[in-house]
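Structure first, commentary second.
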Amino acid sequence: MAPKTVRLVLIAAAFVAGLASVFAVLFVVNKPQAGSLVGAAAIGGPFRLIDQNGRPFTDTDLKGEPFLVFFGFTHCPDACPTTLLELSDVLDKLGGDADKVRVLFISIDPERDNPAALKDYLSAFNSRLVGLTGDLPAVTTVARAYHVYFKKVPLDGGDYTMDHTAIVYLMNKDGRFVSPFSLRRSAQDAADDLRRFL
């Protein structure tokens, strides 16, 4: 390799290393601490929906309790049942502390997911899961508040499925967004993490 080429490679490597150092420092300085409100003003907010028992359910029903929010639909073939099973496992690992947290499953398919359909669907999971639905404008409003994308996707034969954001949101006791809640770990580790916000 020519000396000029070697020098250019070394300069580029030094630049990349310097850039990496800058980003590392910025990450450490700005790293969210436990319980911090990352994007608190941007995610969540007031809502009014109907639970799986046909009763009105609003954000005020959650005051004083941390809660997890997941958007999905009962005809979902994979992500939704998998996530709800994992959340059920986390609730099981919380033991008696499970009564101090709420886990919401908000349907983005109100056309099919009425309260009775939600109740039947959720019977396969932890009994503490709260299913919520409403008319399309109400569901759209709460989805927008959580920056959730959803779209009806036609299938052959006249049926349809739903494309949607599959994130579990961790909200604190004041209803403010903390962070996405990772389920890519053991249920016990997830439960221990959640317990910090009770």
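In the structure tokens, each chain is lettered A, B, ... as it comes, each chain's residues begin at 1, and ligands are numbered from 1 in order of appearance.
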Contacts of segment 128-139 of chain A at 9 Å or less, counting only C-alpha atoms, minus same-chain residues fewer than 5 places along, as a ChimeraX atom specification?
/A:47-53,57,84,87-88,91,98-99,102-111,113-115,118-119,122,144
Check the DSSP output for the backbone and give back, as a PDB file with C-alpha atoms, in the first residue's frame, the residues of segment 29-161 of chain A in strand (DSSP E).
```pdb
ATOM      1  CA  ARG A  48     -61.771   7.039  26.917  1.00  0.00           C
ATOM      2  CA  LEU A  49     -62.383   3.455  25.802  1.00  0.00           C
ATOM      3  CA  ILE A  50     -64.466   0.403  26.776  1.00  0.00           C
ATOM      4  CA  ASP A  51     -63.024  -2.597  28.624  1.00  0.00           C
ATOM      5  CA  PRO A  56     -66.001   2.691  30.335  1.00  0.00           C
ATOM      6  CA  PHE A  57     -62.277   2.845  31.020  1.00  0.00           C
ATOM      7  CA  THR A  58     -60.236   6.060  30.964  1.00  0.00           C
ATOM      8  CA  PHE A  67     -48.906   0.460  33.557  1.00  0.00           C
ATOM      9  CA  LEU A  68     -47.857  -1.278  30.361  1.00  0.00           C
ATOM     10  CA  VAL A  69     -49.638  -0.634  27.064  1.00  0.00           C
ATOM     11  CA  PHE A  70     -49.654  -2.883  24.017  1.00  0.00           C
ATOM     12  CA  PHE A  71     -51.687  -2.315  20.849  1.00  0.00           C
ATOM     13  CA  GLY A  72     -52.853  -5.305  18.825  1.00  0.00           C
ATOM     14  CA  ARG A 102     -51.920  -2.631  35.016  1.00  0.00           C
ATOM     15  CA  VAL A 103     -51.318  -4.217  31.633  1.00  0.00           C
ATOM     16  CA  LEU A 104     -53.482  -2.859  28.814  1.00  0.00           C
ATOM     17  CA  PHE A 105     -54.183  -4.551  25.501  1.00  0.00           C
ATOM     18  CA  ILE A 106     -55.740  -1.927  23.225  1.00  0.00           C
ATOM     19  CA  SER A 107     -57.346  -3.260  20.041  1.00  0.00           C
ATOM     20  CA  LEU A 129     -54.831  -8.173  31.482  1.00  0.00           C
ATOM     21  CA  VAL A 130     -57.241  -5.364  30.613  1.00  0.00           C
ATOM     22  CA  GLY A 131     -58.626  -5.403  27.079  1.00  0.00           C
ATOM     23  CA  LEU A 132     -59.772  -2.078  25.647  1.00  0.00           C
ATOM     24  CA  THR A 133     -61.704  -1.166  22.517  1.00  0.00           C
ATOM     25  CA  PHE A 150     -51.978   0.714  12.281  1.00  0.00           C
ATOM     26  CA  LYS A 151     -53.513  -0.083   8.927  1.00  0.00           C
ATOM     27  CA  LYS A 152     -56.155  -2.457   7.595  1.00  0.00           C
ATOM     28  CA  VAL A 153     -54.643  -4.846   5.037  1.00  0.00           C
ATOM     29  CA  PRO A 154     -57.034  -6.720   2.693  1.00  0.00           C
ATOM     30  CA  TYR A 160     -58.346  -8.638   6.233  1.00  0.00           C
ATOM     31  CA  THR A 161     -55.551  -8.384   8.755  1.00  0.00           C
TER      32      THR A 161
END
```
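Taking atom CA of Pro66 of chain A and atom CA of Leu198 of chain A as endpoints, the distance between them is 6.4 Å.
In this structure, atom CA of Ala187 of chain A sits 28.9 Å away from atom CA of Ala116 of chain A.
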